[in-house]
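K.L.:
Could you have a look at this structure, given as structure tokens, before my questions?
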Amino acid sequence: MRTNHVREKLKAGQPTVGCFLGMGSPNVAEQMACAGFDFIVVEMEHNGLDMAEAQHMLMAANGSNAVPIVRIPSSDQVFIQRSLDIGALGIIVPLLRSPEQAREVVRATRYPPEGNRGFGPLRASQYTLDYPDYLARANHNILVAFLLETREAMESLEEITAVPGVDALYLGLWDLYLNYGVSPFEMPHPEMDKLVERAIQVCAASGVALGIGSATPEELVRWRDRGLTFLGYGPDFVLLANAARAGIEAFRAKRST
């Protein structure tokens with residue numbers, strides 16, 4: 001089983017950067033994995049990908065050093081089990097609401113006696129060729145992260161970060177704004193900024209990594225400098241759209257005389 005260097009870096013307080021992949025393309029997954037990201041995240045919550053297509057994206061990234069992670073559609077144990085069995089070295093779970101939910105997710109990523117994951121890591125174990133090593137290392141090599149995007153999770157933040165096995169939280173600002181009755185188009189918002197600052201402080205005190213997405217290099221560096229270590233740049237369709245817009249705007253701009 002390959003070592004999850006992203007989990008090791010986060011545990012050591014070191015910053016990492018990855019790209020969420022929402023376009024569902026193995027070619028894009030391969031390109032982004034080879035671009036130098038620490039991790040890639042196969043998006044399954046907000047698109048039509050099925051598990052076989054996700055597996056193809058993980059396979060496309062296999063020749064790189066990027067750690068493969070899957071953002072699963074829900075905390076259902078079936079999604080956790082299958083994502084790990086097809087080769088993900090981590091999961092990102094949406095809509096976290098309670099420490100109890102976090103605890104159940106962690107248990108679903110661990111083999112007994114630490115959890116209740118069923119044994120059958122097909123692709124993850126190189127199709128049984130790596131069975132002994134995978135079983136010996138999996139429980140402490142899988143990254144478990146949650147999207148921090150609900151009012152309930154924010155109100156239970158200290159309890160959630162105290163759950164053993166919770167490695168990282170990732171701020172989902174759009175859903176967080178909506179859950180607090182604030183339009184995401186009003187970013188930045190003073191009251192929401194206070195919530196973000198609280199998350200930074202609680203995670204720093206607990207040793208749980210905190211992450212957020214950035215669409216520009218400037219944003220990325222700014223969040224890194226504020227102490228966030230599980231950082232997203234993109235996602236892929238945003239990077240593509242930004243590059244397209246920049247070229248079109250440059251082409252259409254009036255020439256200076």
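Here's how to read the names in the structure tokens: chain A, B, ... by the order shown, residue numbers from 1 in each chain, ligand numbers from 1 in the order shown.
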Can you write out as a Markdown table which residues of range 140-197 of chain A fall within 9 Å of range 225-238 of chain A, alongside each residue's closest atom pair and its distance in Å to one decimal, counting only C-alpha atoms and ordering rows by chain and ascending residue number?

P.N.:
| residue | atom | partner | partner_atom | distance |
| --- | --- | --- | --- | --- |
| A:Ala168 | CA | A:Phe230 | CA | 7.3 |
| A:Leu169 | CA | A:Phe230 | CA | 8.1 |
| A:Tyr170 | CA | A:Phe230 | CA | 7.3 |

K.L.:
Store the residues picked out above in a file with N, CA and C atoms, as a compact mmCIF listing (two decimals), in the first residue's frame.

P.N.:
# COMPACT_ATOMS: atom_id res chain seq x y z
N ALA A 168 -9.20 16.09 8.78
CA ALA A 168 -9.30 17.42 8.18
C ALA A 168 -10.75 17.84 8.01
N LEU A 169 -10.96 19.15 8.06
CA LEU A 169 -12.23 19.76 7.70
C LEU A 169 -11.98 20.72 6.55
N TYR A 170 -12.98 20.85 5.69
CA TYR A 170 -12.83 21.67 4.49
C TYR A 170 -14.02 22.61 4.41

K.L.:
I'd like to know which residues of range 52-209 of chain A are helix (DSSP H, G or I) (by DSSP, run on the backbone); could you write them as an MDAnalysis selection string?

P.N.:
chainID A and resid 52:60 77:85 99:108 123:125 131:140 151:155 157:161 173:179 184:186 190:206

K.L.:
Near Gly18 in chain A, within 6 Å and counting only C-alpha atoms, which residues show up once chain neighbours fewer than 6 positions away are dropped, as an MDAnalysis selection string?

P.N.:
chainID A and resid 37:40 232

K.L.:
Store the residues picked out above, limited to C-alpha atoms, as a CSV table (one decimal), in the first residue's frame.

P.N.:
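The result, stored in result-v2.csv:
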chain,number,residue,atom,x,y,z
A,37,PHE,CA,-0.7,18.7,-7.0
A,38,ASP,CA,-0.3,16.9,-3.7
A,39,PHE,CA,-3.7,15.4,-4.1
A,40,ILE,CA,-6.6,15.1,-6.5
A,232,GLY,CA,-7.9,23.3,-3.0

K.L.:
Using only C-alpha atoms, can you tell me which of A:Leu195, A:Val208, A:Ala138, A:Met57 comes closest to Ile160 in chain A?

P.N.:
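Of all the options, A:Val208 lies closest to Ile160 in chain A.
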
K.L.:
Show me, as a PyMOL selection string, the residues that have an atom within 12 Å of Val6 in chain A when counting only C-alpha atoms, minus same-chain residues fewer than 5 positions from it.

P.N.:
chain A and resi 11-18+37-40+65-69+89-90+141-145+167-168+209+229-231

K.L.:
Expressed in Å to a single decimal, how great is the separation between CA of Phe185 in chain A and CA of Arg245 in chain A?

P.N.:
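If I compute the distance from CA of Phe185 in chain A to CA of Arg245 in chain A, I get 19.8 Å.
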
K.L.:
Rank A:Leu173, A:Ala108, A:Ala124, A:Met51 by their smallest atom-to-atom distance to Ile86 in chain A, using only C-alpha atoms, and report the top residue only.

P.N.:
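Result for the nearest residue to Ile86 in chain A: A:Ala124.
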
K.L.:
Which is closer to Phe20 in chain A than all the others in A:Glu218, A:His46, A:Met192, A:Leu148, using only C-alpha atoms?

P.N.:
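The closest residue to Phe20 in chain A is A:His46.
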
K.L.:
Which residues are near Val166 in chain A? Cut-off 12 Å, only C-alpha atoms, ignore same chain within fewer than 3 positions. Put them as a ChimeraX atom specification.

P.N.:
/A:7,10-11,90-93,96,99-107,109,140,142-147,157-163,169-170,203,206-210

K.L.:
May I have the selected residues written with N, CA and C atoms, as a compact mmCIF listing (two decimals), in the first residue's frame?

P.N.:
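That gives us result15.txt:
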# COMPACT_ATOMS: atom_id res chain seq x y z
N ARG A 7 -1.73 12.87 4.19
CA ARG A 7 -2.12 12.69 5.59
C ARG A 7 -0.94 12.94 6.52
N LEU A 10 -0.30 16.73 6.69
CA LEU A 10 -1.32 17.42 7.47
C LEU A 10 -1.12 17.17 8.96
N LYS A 11 -0.77 15.95 9.33
CA LYS A 11 -0.53 15.64 10.73
C LYS A 11 0.66 16.44 11.26
N GLY A 90 -8.34 8.35 0.49
CA GLY A 90 -9.03 9.25 1.39
C GLY A 90 -10.42 9.54 0.87
N ILE A 91 -11.26 10.04 1.77
CA ILE A 91 -12.61 10.46 1.40
C ILE A 91 -12.88 11.84 1.98
N ILE A 92 -13.70 12.59 1.27
CA ILE A 92 -14.25 13.84 1.78
C ILE A 92 -15.76 13.68 1.82
N VAL A 93 -16.32 13.87 3.01
CA VAL A 93 -17.74 13.59 3.24
C VAL A 93 -18.50 14.91 3.34
N LEU A 96 -21.59 17.33 6.92
CA LEU A 96 -21.39 16.87 8.29
C LEU A 96 -22.28 17.69 9.23
N PRO A 99 -20.87 15.22 15.78
CA PRO A 99 -19.73 14.35 16.10
C PRO A 99 -20.08 12.88 15.98
N GLU A 100 -21.33 12.53 16.24
CA GLU A 100 -21.74 11.12 16.10
C GLU A 100 -21.60 10.66 14.65
N GLN A 101 -22.01 11.52 13.72
CA GLN A 101 -21.88 11.20 12.31
C GLN A 101 -20.41 11.04 11.94
N ALA A 102 -19.56 11.94 12.43
CA ALA A 102 -18.12 11.86 12.16
C ALA A 102 -17.55 10.55 12.68
N ARG A 103 -17.98 10.17 13.87
CA ARG A 103 -17.48 8.93 14.48
C ARG A 103 -17.87 7.71 13.65
N GLU A 104 -19.10 7.70 13.13
CA GLU A 104 -19.55 6.56 12.31
C GLU A 104 -18.79 6.49 10.99
N VAL A 105 -18.50 7.64 10.41
CA VAL A 105 -17.72 7.66 9.17
C VAL A 105 -16.33 7.10 9.40
N VAL A 106 -15.68 7.55 10.47
CA VAL A 106 -14.35 7.04 10.77
C VAL A 106 -14.38 5.53 10.94
N ARG A 107 -15.37 5.02 11.65
CA ARG A 107 -15.48 3.57 11.84
C ARG A 107 -15.66 2.85 10.51
N THR A 109 -14.29 3.55 7.79
CA THR A 109 -13.02 3.51 7.06
C THR A 109 -12.01 2.57 7.70
N HIS A 140 -4.51 3.21 9.31
CA HIS A 140 -3.79 4.42 9.70
C HIS A 140 -3.18 5.14 8.50
N ILE A 142 -5.54 5.96 5.70
CA ILE A 142 -6.66 6.56 4.98
C ILE A 142 -6.97 7.94 5.55
N LEU A 143 -7.06 8.94 4.69
CA LEU A 143 -7.40 10.30 5.10
C LEU A 143 -8.91 10.45 5.21
N VAL A 144 -9.39 10.93 6.34
CA VAL A 144 -10.82 11.16 6.56
C VAL A 144 -11.05 12.66 6.74
N ALA A 145 -11.79 13.24 5.81
CA ALA A 145 -12.07 14.68 5.84
C ALA A 145 -13.55 14.91 5.66
N PHE A 146 -14.01 16.05 6.17
CA PHE A 146 -15.43 16.41 6.08
C PHE A 146 -15.57 17.83 5.57
N LEU A 147 -16.62 18.05 4.79
CA LEU A 147 -16.96 19.40 4.40
C LEU A 147 -17.66 20.10 5.56
N LEU A 157 -18.32 22.23 16.67
CA LEU A 157 -16.98 22.17 16.09
C LEU A 157 -15.96 21.56 17.04
N GLU A 158 -15.98 21.98 18.30
CA GLU A 158 -15.02 21.44 19.26
C GLU A 158 -15.21 19.94 19.44
N GLU A 159 -16.45 19.49 19.51
CA GLU A 159 -16.72 18.06 19.69
C GLU A 159 -16.31 17.25 18.45
N ILE A 160 -16.53 17.82 17.27
CA ILE A 160 -16.18 17.12 16.03
C ILE A 160 -14.67 16.97 15.91
N THR A 161 -13.94 18.03 16.18
CA THR A 161 -12.47 17.95 16.05
C THR A 161 -11.85 17.06 17.12
N ALA A 162 -12.61 16.73 18.16
CA ALA A 162 -12.11 15.83 19.20
C ALA A 162 -12.32 14.35 18.85
N VAL A 163 -13.05 14.07 17.77
CA VAL A 163 -13.30 12.68 17.37
C VAL A 163 -12.02 12.07 16.81
N LEU A 169 -10.96 19.15 8.06
CA LEU A 169 -12.23 19.76 7.70
C LEU A 169 -11.98 20.72 6.55
N TYR A 170 -12.98 20.85 5.69
CA TYR A 170 -12.83 21.67 4.49
C TYR A 170 -14.02 22.61 4.41
N CYS A 203 -9.56 24.48 14.86
CA CYS A 203 -8.77 23.44 14.20
C CYS A 203 -7.29 23.54 14.59
N SER A 206 -6.85 21.99 17.97
CA SER A 206 -7.11 20.55 18.06
C SER A 206 -6.14 19.71 17.25
N GLY A 207 -5.41 20.34 16.33
CA GLY A 207 -4.52 19.58 15.47
C GLY A 207 -5.19 19.00 14.25
N VAL A 208 -6.46 19.34 14.03
CA VAL A 208 -7.17 18.91 12.83
C VAL A 208 -6.90 19.93 11.71
N ALA A 209 -6.52 19.44 10.54
CA ALA A 209 -6.22 20.33 9.43
C ALA A 209 -7.50 21.01 8.94
N LEU A 210 -7.35 22.24 8.48
CA LEU A 210 -8.48 22.97 7.91
C LEU A 210 -8.15 23.35 6.48

K.L.:
In terms of the shortest atom-to-atom distance over only C-alpha atoms, which of A:Pro94, A:Gly213, A:Pro132, A:Gly247 is closest to Met1 in chain A?

P.N.:
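Closest residue, counting only C-alpha atoms: A:Pro132.
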
K.L.:
Could you please determine the separation between CA of Ala54 in chain A and CA of Arg110 in chain A in Å, to one decimal place?

P.N.:
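Rounded to one decimal, the two atoms are 21.4 Å apart.
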
K.L.:
Show me, as number ranges by chain, the residues that have an atom within 10 Å of Trp174 in chain A when counting only C-alpha atoms, minus same-chain residues fewer than 6 positions from it.

P.N.:
A: 149, 182-185, 187

K.L.:
Take the residues from that selection and put them in a file with C-alpha atoms, as a short mmCIF file (atom, residue, chain, number, x, y, z; two decimals), in the first residue's frame.

P.N.:
data_model
loop_
_atom_site.label_atom_id
_atom_site.label_comp_id
_atom_site.auth_asym_id
_atom_site.auth_seq_id
_atom_site.Cartn_x
_atom_site.Cartn_y
_atom_site.Cartn_z
CA GLU A 149 -20.88 23.55 5.55
CA VAL A 182 -26.85 34.65 3.81
CA SER A 183 -26.42 34.90 0.04
CA PRO A 184 -23.04 33.56 -1.16
CA PHE A 185 -23.01 36.46 -3.58
CA MET A 187 -19.02 37.39 0.10
#
